[in-house]
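Peer 1: Pasting my_file33.txt here (compact mmCIF, C-alpha atoms):
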```
# COMPACT_ATOMS: atom_id res chain seq x y z
CA MET A 1 61.15 -11.49 77.47
CA SER A 2 63.31 -14.19 79.04
CA SER A 3 64.56 -17.20 77.12
CA SER A 4 62.25 -20.21 77.29
CA PRO A 5 63.08 -23.92 77.31
CA GLU A 6 63.36 -25.40 73.86
CA ASN A 7 60.23 -27.53 73.98
CA TYR A 8 56.89 -27.86 75.71
CA LYS A 9 57.83 -30.83 77.91
CA ALA A 10 61.00 -29.10 79.12
CA ALA A 11 59.05 -25.91 79.84
CA TRP A 12 56.60 -27.60 82.19
CA ASN A 13 59.20 -29.86 83.82
CA ALA A 14 61.19 -26.71 84.60
CA ARG A 15 58.09 -25.13 86.13
CA SER A 16 57.51 -28.15 88.40
CA ALA A 17 60.96 -29.10 89.68
CA THR A 18 59.58 -28.85 93.25
CA LEU A 19 56.11 -29.11 94.76
CA SER A 20 56.10 -25.38 95.49
CA ASP A 21 57.08 -24.58 91.90
CA GLY A 22 54.43 -26.93 90.52
CA MET A 23 51.72 -25.43 92.70
CA ALA A 24 52.72 -21.93 91.63
CA ALA A 25 52.60 -22.97 87.98
CA VAL A 26 49.08 -24.33 88.46
CA ASP A 27 47.34 -21.45 90.24
CA GLY A 28 50.04 -18.92 91.06
CA SER A 29 49.71 -19.21 94.81
CA ALA A 30 51.99 -22.07 95.94
CA ASP A 31 49.65 -22.28 98.94
CA GLU A 32 47.96 -25.56 99.89
CA SER A 33 44.80 -23.96 101.27
CA VAL A 34 44.38 -21.77 98.19
CA LEU A 35 45.07 -24.73 95.89
CA ALA A 36 42.38 -26.71 97.71
CA ALA A 37 39.88 -23.83 97.44
CA THR A 38 40.43 -23.18 93.75
CA GLY A 39 40.53 -26.93 93.10
CA ALA A 40 37.21 -27.47 94.87
CA PHE A 41 35.59 -24.66 92.87
CA THR A 42 36.80 -26.05 89.54
CA ALA A 43 35.98 -29.62 90.53
CA SER A 44 32.39 -28.56 91.21
CA GLN A 45 32.20 -27.14 87.67
CA VAL A 46 33.63 -30.34 86.20
CA HIS A 47 31.31 -32.50 88.32
CA ALA A 48 28.26 -30.62 87.04
CA ALA A 49 29.47 -30.50 83.41
CA LEU A 50 30.20 -34.23 83.26
CA GLU A 51 27.35 -35.41 85.50
CA LEU A 52 29.85 -37.62 87.34
CA VAL A 53 28.67 -40.84 89.01
CA PRO A 54 30.64 -43.29 91.21
CA ALA A 55 31.10 -45.87 88.43
CA ASP A 56 32.76 -43.43 86.02
CA ARG A 57 36.20 -43.91 84.51
CA VAL A 58 37.53 -40.36 84.14
CA PHE A 59 40.68 -38.86 82.63
CA GLU A 60 42.20 -35.39 82.89
CA ILE A 61 44.40 -33.82 80.22
CA GLY A 62 47.09 -31.69 81.86
CA CYS A 63 46.56 -32.82 85.45
CA GLY A 64 49.35 -30.65 86.85
CA VAL A 65 49.92 -31.31 90.55
CA GLY A 66 46.46 -32.83 90.95
CA ARG A 67 44.69 -29.63 91.98
CA ILE A 68 41.39 -30.87 90.52
CA GLY A 69 42.10 -34.59 90.57
CA ALA A 70 42.55 -34.63 94.35
CA GLN A 71 39.00 -33.27 94.65
CA LEU A 72 37.42 -35.75 92.22
CA ALA A 73 39.40 -39.00 92.62
CA GLY A 74 37.39 -40.19 95.60
CA HIS A 75 34.06 -39.73 93.81
CA VAL A 76 34.67 -41.91 90.73
CA ALA A 77 35.82 -45.47 90.07
CA VAL A 78 38.91 -44.44 88.08
CA TRP A 79 40.68 -41.10 87.84
CA HIS A 80 43.68 -41.05 85.51
CA GLY A 81 45.57 -37.82 84.99
CA ILE A 82 48.01 -37.30 82.15
CA ASP A 83 50.56 -34.54 81.81
CA ILE A 84 53.35 -33.68 79.39
CA ALA A 85 55.72 -33.15 82.34
CA GLU A 86 57.06 -36.10 84.31
CA ASN A 87 57.50 -33.83 87.33
CA MET A 88 53.84 -32.78 87.27
CA ALA A 89 52.61 -36.38 86.89
CA SER A 90 54.74 -37.46 89.85
CA LEU A 91 53.38 -34.65 92.04
CA ALA A 92 49.81 -35.52 91.02
CA ARG A 93 50.29 -39.22 91.85
CA ALA A 94 51.45 -38.29 95.33
CA ARG A 95 48.36 -36.11 95.81
CA VAL A 96 45.87 -38.86 94.83
CA ASP A 97 47.67 -41.96 96.09
CA SER A 98 45.15 -42.54 98.88
CA HIS A 99 42.52 -43.42 96.25
CA PRO A 100 42.91 -46.98 94.85
CA GLY A 101 41.54 -46.06 91.42
CA ALA A 102 43.64 -42.95 90.91
CA THR A 103 46.97 -42.43 89.15
CA ALA A 104 48.79 -40.05 86.82
CA THR A 105 51.02 -40.71 83.81
CA ALA A 106 53.39 -38.59 81.75
CA VAL A 107 52.99 -38.60 77.96
CA ASP A 108 55.39 -37.50 75.23
CA GLY A 109 53.04 -35.57 72.98
CA PRO A 110 49.44 -34.53 72.22
CA HIS A 111 47.86 -37.95 72.55
CA LEU A 112 46.08 -40.25 75.00
CA LYS A 113 48.09 -43.42 74.40
CA PRO A 114 47.66 -44.67 77.99
CA PHE A 115 43.97 -45.28 77.19
CA ALA A 116 42.51 -47.95 74.94
CA ASP A 117 39.82 -47.23 72.37
CA ALA A 118 36.38 -46.59 73.92
CA SER A 119 37.73 -47.24 77.43
CA MET A 120 36.81 -44.05 79.31
CA ASP A 121 33.43 -42.68 80.33
CA LYS A 122 34.36 -39.02 80.72
CA GLY A 123 37.25 -36.60 80.58
CA TYR A 124 38.15 -32.96 81.05
CA CYS A 125 40.87 -30.40 80.44
CA VAL A 126 40.97 -27.17 82.49
CA ALA A 127 43.40 -24.27 81.97
CA VAL A 128 45.65 -26.41 79.76
CA PHE A 129 44.47 -26.02 76.16
CA ILE A 130 45.09 -22.30 76.76
CA HIS A 131 48.84 -23.01 76.66
CA MET A 132 48.89 -25.17 73.53
CA ASP A 133 49.39 -24.51 69.87
CA LYS A 134 46.04 -25.07 68.22
CA GLU A 135 47.29 -28.04 66.22
CA ASP A 136 48.10 -29.85 69.46
CA MET A 137 44.67 -29.07 70.91
CA VAL A 138 43.00 -30.55 67.81
CA LEU A 139 45.15 -33.69 68.06
CA TYR A 140 44.05 -34.12 71.68
CA LEU A 141 40.38 -33.67 70.71
CA ARG A 142 40.74 -36.34 68.04
CA ASP A 143 42.14 -38.72 70.63
CA VAL A 144 39.37 -37.78 73.06
CA ALA A 145 36.92 -39.03 70.44
CA ARG A 146 38.90 -42.26 70.23
CA VAL A 147 39.11 -43.07 73.95
CA LEU A 148 35.58 -42.07 75.01
CA LYS A 149 32.89 -44.72 75.09
CA PRO A 150 29.86 -43.94 72.93
CA GLY A 151 27.82 -41.41 74.89
CA GLY A 152 30.91 -40.28 76.82
CA LEU A 153 31.37 -36.61 77.74
CA PHE A 154 34.35 -34.26 77.64
CA TYR A 155 34.55 -30.81 79.28
CA PHE A 156 37.20 -28.20 78.52
CA ASP A 157 37.81 -24.48 78.76
CA HIS A 158 39.81 -21.89 76.86
CA TRP A 159 40.52 -18.17 76.96
CA ASN A 160 37.62 -16.35 75.31
CA LEU A 161 39.02 -13.80 72.87
CA SER A 162 35.49 -12.54 72.16
CA HIS A 163 34.83 -11.45 75.77
CA PRO A 164 36.07 -8.01 76.95
CA VAL A 165 37.99 -9.50 79.87
CA GLY A 166 39.41 -12.27 77.67
CA TRP A 167 40.55 -9.61 75.23
CA GLN A 168 42.10 -7.63 78.08
CA ARG A 169 44.11 -10.72 79.03
CA PHE A 170 45.20 -11.21 75.41
CA ALA A 171 46.29 -7.58 75.12
CA TYR A 172 48.76 -8.21 77.94
CA GLU A 173 50.40 -10.97 75.90
CA VAL A 174 50.61 -8.67 72.88
CA ASP A 175 52.27 -5.95 74.95
CA GLN A 176 54.70 -8.47 76.42
CA VAL A 177 55.78 -9.56 72.94
CA ALA A 178 56.12 -5.91 71.89
CA ARG A 179 58.52 -5.28 74.78
CA GLY A 180 60.62 -8.37 74.01
CA ASP A 181 63.43 -9.16 71.63
CA ALA A 182 61.88 -9.73 68.21
CA ALA A 183 64.65 -12.18 67.35
CA GLU A 184 63.95 -14.36 70.38
CA ARG A 185 61.61 -17.32 70.35
CA LYS A 186 58.26 -16.85 72.06
CA ASP A 187 57.67 -18.86 75.24
CA VAL A 188 56.47 -22.30 74.11
CA ALA A 189 54.07 -22.48 77.08
CA ARG A 190 52.64 -18.97 76.70
CA ASN A 191 48.94 -18.20 76.94
CA GLN A 192 47.06 -18.52 73.66
CA PHE A 193 43.52 -17.46 72.79
CA CYS A 194 40.48 -18.61 70.76
CA THR A 195 37.03 -17.43 69.84
CA PRO A 196 33.98 -19.63 70.51
CA GLU A 197 33.57 -20.04 66.76
CA GLU A 198 37.05 -21.58 66.47
CA LEU A 199 36.44 -23.98 69.33
CA ARG A 200 33.16 -25.19 67.82
CA LEU A 201 35.01 -26.02 64.61
CA TYR A 202 37.68 -28.00 66.44
CA VAL A 203 35.17 -30.01 68.48
CA ARG A 204 33.02 -30.92 65.51
CA ALA A 205 36.00 -31.69 63.26
CA ALA A 206 37.07 -34.29 65.85
CA GLY A 207 33.77 -36.15 65.35
CA LEU A 208 32.24 -35.00 68.64
CA GLU A 209 28.88 -33.34 69.19
CA LEU A 210 28.91 -30.03 71.04
CA VAL A 211 26.16 -30.27 73.66
CA PHE A 212 26.86 -27.29 75.94
CA GLU A 213 28.80 -24.05 75.96
CA HIS A 214 29.07 -20.92 78.07
CA THR A 215 30.62 -17.96 76.30
CA ASP A 216 29.68 -15.04 78.56
CA ALA A 217 32.92 -15.03 80.58
CA HIS A 218 36.66 -14.59 80.11
CA LEU A 219 36.84 -18.36 79.66
CA VAL A 220 34.74 -20.36 77.22
CA GLY A 221 33.51 -23.65 78.67
CA MET A 222 32.31 -26.47 76.41
CA VAL A 223 30.98 -29.99 76.82
CA ALA A 224 31.30 -32.40 73.91
CA ARG A 225 29.73 -35.84 73.56
CA LYS A 226 30.81 -38.87 71.57
CA PRO A 227 27.74 -39.99 69.59
CA GLU A 228 26.64 -43.62 69.63
CA HIS A 229 27.41 -43.87 65.92
CA PRO A 230 29.91 -41.90 63.79
CA LEU A 231 28.46 -38.70 62.41
CA PRO A 232 28.07 -38.27 58.64
CA ALA A 233 31.09 -36.65 57.04
CA ALA A 234 30.48 -32.92 56.70
CA ALA A 235 32.32 -29.63 57.01
CA PRO A 236 32.39 -28.55 60.68
CA SER A 237 30.20 -25.61 61.60
CA PRO A 238 31.17 -22.59 63.74
CA GLN A 239 27.53 -21.95 64.60
CA PRO A 240 26.14 -22.22 68.17
CA ILE A 241 24.40 -25.39 69.31
CA ASP A 242 21.13 -26.20 67.57
CA ARG A 243 19.44 -28.95 69.59
CA SER A 244 17.19 -29.86 66.67
CA THR A 245 20.24 -31.12 64.76
CA LEU A 246 21.73 -33.20 67.59
CA THR A 247 21.39 -36.95 67.88
CA ALA A 248 18.71 -38.02 70.34
CA GLY A 249 21.15 -38.90 73.12
CA SER A 250 23.06 -35.66 72.74
CA ALA A 251 19.88 -33.57 72.70
CA ALA A 252 18.82 -35.07 76.04
CA VAL A 253 22.25 -34.36 77.57
CA ALA A 254 22.15 -30.80 76.21
CA GLU A 255 18.83 -30.20 77.92
CA ARG A 256 20.12 -31.48 81.28
CA LEU A 257 23.27 -29.40 81.05
CA GLU A 258 21.35 -26.27 80.22
CA ALA A 259 19.47 -26.70 83.48
CA ALA A 260 22.85 -26.84 85.28
CA ARG A 261 24.28 -23.78 83.52
CA ALA A 262 24.77 -21.77 86.71
CA ASP A 263 26.83 -24.59 88.23
CA ILE A 264 29.11 -24.95 85.20
CA GLY A 265 29.83 -21.35 84.23
CA PHE A 266 31.17 -18.31 86.03
CA SER A 267 29.04 -15.78 87.85
CA PRO A 268 29.30 -12.13 86.77
CA ARG A 269 30.99 -11.36 90.11
CA TRP A 270 33.64 -14.03 89.49
CA VAL A 271 34.43 -12.51 86.09
CA GLN A 272 34.56 -9.04 87.66
CA CYS A 273 36.97 -10.28 90.33
CA PHE A 274 39.27 -11.71 87.69
CA ALA A 275 39.17 -8.45 85.72
CA GLU A 276 39.98 -6.50 88.89
CA ALA A 277 42.86 -8.87 89.70
CA CYS A 278 44.29 -8.12 86.26
CA GLU A 279 44.58 -4.51 87.40
CA VAL A 280 47.19 -5.82 89.86
CA LEU A 281 48.88 -8.61 87.91
CA ILE A 282 48.94 -6.67 84.65
CA GLY A 283 48.01 -3.04 85.25
CA GLY A 284 50.37 -2.15 88.08
CA LEU A 285 47.84 -1.61 90.89
CA HIS A 286 49.22 -2.51 94.32
CA PRO A 287 47.47 -5.65 95.66
CA ALA A 288 46.78 -3.96 99.01
CA THR A 289 44.47 -1.49 97.26
CA LEU A 290 42.35 -4.21 95.71
CA LEU A 291 42.43 -6.48 98.77
CA ASP A 292 41.21 -3.63 100.96
CA ARG A 293 38.41 -2.96 98.49
CA TRP A 294 37.36 -6.61 98.41
CA ARG A 295 37.55 -7.09 102.18
CA ALA A 296 35.29 -4.07 102.67
CA GLU A 297 32.45 -5.87 100.88
CA PRO A 298 29.80 -7.30 103.22
CA GLY A 299 30.46 -11.00 103.61
CA PRO A 300 32.44 -11.03 101.40
CA PRO A 301 30.70 -13.25 98.80
CA PRO A 302 32.30 -16.69 98.14
CA GLU A 303 33.72 -15.61 94.77
CA VAL A 304 35.39 -12.64 96.40
CA ALA A 305 36.69 -14.69 99.34
CA ILE A 306 38.49 -17.12 97.00
CA HIS A 307 40.06 -14.25 95.08
CA ILE A 308 41.16 -12.58 98.33
CA ALA A 309 43.00 -15.72 99.45
CA TRP A 310 44.48 -16.26 95.99
CA LEU A 311 45.75 -12.71 95.47
CA ASP A 312 47.06 -12.47 99.04
CA ALA A 313 49.06 -15.68 98.51
CA ILE A 314 50.53 -14.36 95.26
CA TRP A 315 51.55 -11.13 97.00
CA HIS A 316 53.27 -13.05 99.78
CA ARG A 317 55.08 -15.18 97.19
CA HIS A 318 56.36 -12.08 95.36
CA PRO A 319 56.97 -9.40 98.03
CA HIS A 320 59.73 -7.87 95.90
CA LEU A 321 57.14 -6.89 93.29
CA TRP A 322 54.86 -5.11 95.76
CA PRO A 323 56.58 -3.68 98.86
CA PRO A 324 54.49 -3.44 102.03
CA VAL A 325 52.25 -0.43 102.22
CA ALA A 326 53.24 2.13 104.85
CA ALA A 327 50.76 2.36 107.72
```
Step by step, read the file and then write its structure as structure tokens.

Peer 2:
Amino acid sequence: MSSSPENYKAAWNARSATLSDGMAAVDGSADESVLAATGAFTASQVHAALELVPADRVFEIGCGVGRIGAQLAGHVAVWHGIDIAENMASLARARVDSHPGATATAVDGPHLKPFADASMDKGYCVAVFIHMDKEDMVLYLRDVARVLKPGGLFYFDHWNLSHPVGWQRFAYEVDQVARGDAAERKDVARNQFCTPEELRLYVRAAGLELVFEHTDAHLVGMVARKPEHPLPAAAPSPQPIDRSTLTAGSAAVAERLEAARADIGFSPRWVQCFAEACEVLIGGLHPATLLDRWRAEPGPPPEVAIHIAWLDAIWHRHPHLWPPVAA
């Protein structure tokens, strides 16, 4: 295991010293067309989860290079990305600068200080909480509850330790630590993992109501809502959503989101593609073998097409890892 920068901010600034580096840190590809494709897919999930409308003031925690923000900024009144890394925030600003209501700001810790109390309609965090210590994630969720307007929504995802593919991804991290120097500090920006039960506790402890979740994929996705009035003090519950216990406004939102479940979650084929890609990125399979298999599928389906472009770009970025296959 290689030495890591001494703190979280330094780690992500080091990963985004150039646009190419920042793009690679965000989706692995460092390819504009792939970044746009994966960004559009994720933006469609966020759009459905938050029920975005043109008047919305929206924030993103961990905006990176603006992969998602570039897709959403033109559809809302305000899009404000925050990132721990100054380099990332600068790259994101450049990507959204054509939209008058869009910007990005660097912060110095797990907080949302750029936003006043009850000033934002909606927010989201995608593929970022997965890199944080859990204490930092909880601090962010507390501040989400502060900055959302009553009735505001927040969508986030996290590695799902309870799903077979999520566990497979976690096992890679365990093996990586086992191969490393036990006296060396773990990477401060490494992947970390949660169960749905944990995430429910964190959301509810922040004073938010959990109104939607999908847990049948390698990533958990959750939507939380700030109630119109503070909830009674009580121990948070790890139990799934019970609509009968939600406030009236949250129950109505939960019903609407349930109807949009297919647009927010991941299809079984998407999850299968990710698991198959792990055979390459983790298991040692040559990418040509998997790409040939995917390209042989009729179509191929949209989920497969995105993964083909993504894996092909990663291969071209790291040719030393996978030499060309002899004809």

Peer 1: To one decimal place, how far is atom CA of A:Glu32 from atom CA of A:Ile314 in Å?

Peer 2: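 Distance between the two atoms: 12.4 Å.
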
Peer 1: Which residues come within 7 Å of A:Arg67, counting all atoms listed in the file, excluding same-chain residues fewer than 6 positions away, as a list in words?

Peer 2: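 Result of the neighbour search: Leu35, Ala36 and Gly39 of chain A.
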
Peer 1: Just want the 12 Å neighbourhood of A:Glu258, counted on only C-alpha atoms, with same-chain residues fewer than 3 positions away dropped. Output as a list in words.

Peer 2: Ala48, Ala49, Val211, Phe212, Glu213, His214, Met222, Val223, Ile241, Arg243, Ala251, Ala252, Val253, Ala254, Glu255, Arg261, Ala262, Asp263, Ile264 and Gly265 of chain A

Peer 1: Any chance you could work out the axis-aligned box around stretch 206-215 of chain A, listed atoms only, 8 Å on each side, giving centre and edge lengths in Å to one decimal, as JSON?

Peer 2:
```
{"center_x": 31.6, "center_y": -27.1, "center_z": 71.7, "size_x": 26.9, "size_y": 34.2, "size_z": 28.7}
```

Peer 1: Taking all atoms listed in the file into account, name the residue in A:Leu91, A:Leu153, A:Ala30, A:Ile282 that is nearest to A:Gln176.

Peer 2: A:Ile282

Peer 1: Since the input has fewer atoms than a full residue there, write stretch 232-255 of chain A out with N, CA, C and O atoms, as an mmCIF file, in the coordinates of the input.

Peer 2:
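Once everything was written out, this is rebuild_23.cif:
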```
data_model
loop_
_atom_site.group_PDB
_atom_site.id
_atom_site.type_symbol
_atom_site.label_atom_id
_atom_site.label_comp_id
_atom_site.auth_asym_id
_atom_site.auth_seq_id
_atom_site.Cartn_x
_atom_site.Cartn_y
_atom_site.Cartn_z
ATOM 1 N N PRO A 232 27.801 -38.362 60.081
ATOM 2 C CA PRO A 232 28.070 -38.270 58.640
ATOM 3 C C PRO A 232 29.173 -37.252 58.372
ATOM 4 O O PRO A 232 29.265 -36.219 59.041
ATOM 5 N N ALA A 233 30.017 -37.562 57.397
ATOM 6 C CA ALA A 233 31.090 -36.650 57.040
ATOM 7 C C ALA A 233 30.507 -35.334 56.543
ATOM 8 O O ALA A 233 29.625 -35.317 55.691
ATOM 9 N N ALA A 234 30.974 -34.239 57.102
ATOM 10 C CA ALA A 234 30.480 -32.920 56.700
ATOM 11 C C ALA A 234 31.474 -31.875 57.184
ATOM 12 O O ALA A 234 32.243 -32.110 58.124
ATOM 13 N N ALA A 235 31.467 -30.724 56.548
ATOM 14 C CA ALA A 235 32.320 -29.630 57.010
ATOM 15 C C ALA A 235 31.867 -29.187 58.390
ATOM 16 O O ALA A 235 30.658 -29.019 58.617
ATOM 17 N N PRO A 236 32.791 -29.001 59.337
ATOM 18 C CA PRO A 236 32.390 -28.550 60.680
ATOM 19 C C PRO A 236 31.790 -27.162 60.626
ATOM 20 O O PRO A 236 32.119 -26.356 59.763
ATOM 21 N N SER A 237 30.897 -26.896 61.575
ATOM 22 C CA SER A 237 30.200 -25.610 61.600
ATOM 23 C C SER A 237 30.647 -24.783 62.802
ATOM 24 O O SER A 237 30.789 -25.315 63.909
ATOM 25 N N PRO A 238 30.840 -23.463 62.611
ATOM 26 C CA PRO A 238 31.170 -22.590 63.740
ATOM 27 C C PRO A 238 29.947 -22.052 64.458
ATOM 28 O O PRO A 238 30.074 -21.237 65.374
ATOM 29 N N GLN A 239 28.753 -22.501 64.052
ATOM 30 C CA GLN A 239 27.530 -21.950 64.600
ATOM 31 C C GLN A 239 27.247 -22.491 66.013
ATOM 32 O O GLN A 239 27.677 -23.589 66.364
ATOM 33 N N PRO A 240 26.514 -21.727 66.843
ATOM 34 C CA PRO A 240 26.140 -22.220 68.170
ATOM 35 C C PRO A 240 25.320 -23.503 68.096
ATOM 36 O O PRO A 240 24.859 -23.908 67.020
ATOM 37 N N ILE A 241 25.126 -24.118 69.239
ATOM 38 C CA ILE A 241 24.400 -25.390 69.310
ATOM 39 C C ILE A 241 22.961 -25.214 68.852
ATOM 40 O O ILE A 241 22.270 -24.290 69.273
ATOM 41 N N ASP A 242 22.526 -26.124 68.003
ATOM 42 C CA ASP A 242 21.130 -26.200 67.570
ATOM 43 C C ASP A 242 20.636 -27.587 67.983
ATOM 44 O O ASP A 242 20.996 -28.593 67.369
ATOM 45 N N ARG A 243 19.845 -27.642 69.054
ATOM 46 C CA ARG A 243 19.440 -28.950 69.590
ATOM 47 C C ARG A 243 18.655 -29.776 68.581
ATOM 48 O O ARG A 243 18.664 -31.002 68.643
ATOM 49 N N SER A 244 17.992 -29.109 67.643
ATOM 50 C CA SER A 244 17.190 -29.860 66.670
ATOM 51 C C SER A 244 18.054 -30.687 65.731
ATOM 52 O O SER A 244 17.561 -31.611 65.085
ATOM 53 N N THR A 245 19.351 -30.374 65.654
ATOM 54 C CA THR A 245 20.240 -31.120 64.760
ATOM 55 C C THR A 245 21.067 -32.169 65.494
ATOM 56 O O THR A 245 21.813 -32.920 64.858
ATOM 57 N N LEU A 246 20.953 -32.226 66.822
ATOM 58 C CA LEU A 246 21.730 -33.200 67.590
ATOM 59 C C LEU A 246 21.103 -34.581 67.524
ATOM 60 O O LEU A 246 19.898 -34.729 67.314
ATOM 61 N N THR A 247 21.932 -35.607 67.732
ATOM 62 C CA THR A 247 21.390 -36.950 67.880
ATOM 63 C C THR A 247 20.532 -36.986 69.141
ATOM 64 O O THR A 247 20.664 -36.133 70.029
ATOM 65 N N ALA A 248 19.667 -37.983 69.235
ATOM 66 C CA ALA A 248 18.710 -38.020 70.340
ATOM 67 C C ALA A 248 19.399 -38.025 71.695
ATOM 68 O O ALA A 248 19.020 -37.295 72.618
ATOM 69 N N GLY A 249 20.447 -38.844 71.839
ATOM 70 C CA GLY A 249 21.150 -38.900 73.120
ATOM 71 C C GLY A 249 21.803 -37.595 73.475
ATOM 72 O O GLY A 249 21.772 -37.156 74.625
ATOM 73 N N SER A 250 22.392 -36.933 72.488
ATOM 74 C CA SER A 250 23.060 -35.660 72.740
ATOM 75 C C SER A 250 22.058 -34.563 73.061
ATOM 76 O O SER A 250 22.320 -33.692 73.901
ATOM 77 N N ALA A 251 20.901 -34.578 72.427
ATOM 78 C CA ALA A 251 19.880 -33.570 72.700
ATOM 79 C C ALA A 251 19.402 -33.668 74.149
ATOM 80 O O ALA A 251 19.185 -32.647 74.819
ATOM 81 N N ALA A 252 19.255 -34.893 74.656
ATOM 82 C CA ALA A 252 18.820 -35.070 76.040
ATOM 83 C C ALA A 252 19.884 -34.566 77.014
ATOM 84 O O ALA A 252 19.570 -33.921 78.024
ATOM 85 N N VAL A 253 21.164 -34.846 76.716
ATOM 86 C CA VAL A 253 22.250 -34.360 77.570
ATOM 87 C C VAL A 253 22.297 -32.835 77.533
ATOM 88 O O VAL A 253 22.483 -32.177 78.561
ATOM 89 N N ALA A 254 22.124 -32.264 76.341
ATOM 90 C CA ALA A 254 22.150 -30.800 76.210
ATOM 91 C C ALA A 254 21.078 -30.154 77.063
ATOM 92 O O ALA A 254 21.309 -29.116 77.688
ATOM 93 N N GLU A 255 19.919 -30.755 77.113
ATOM 94 C CA GLU A 255 18.830 -30.200 77.920
ATOM 95 C C GLU A 255 19.173 -30.255 79.404
ATOM 96 O O GLU A 255 18.940 -29.288 80.146
#
```
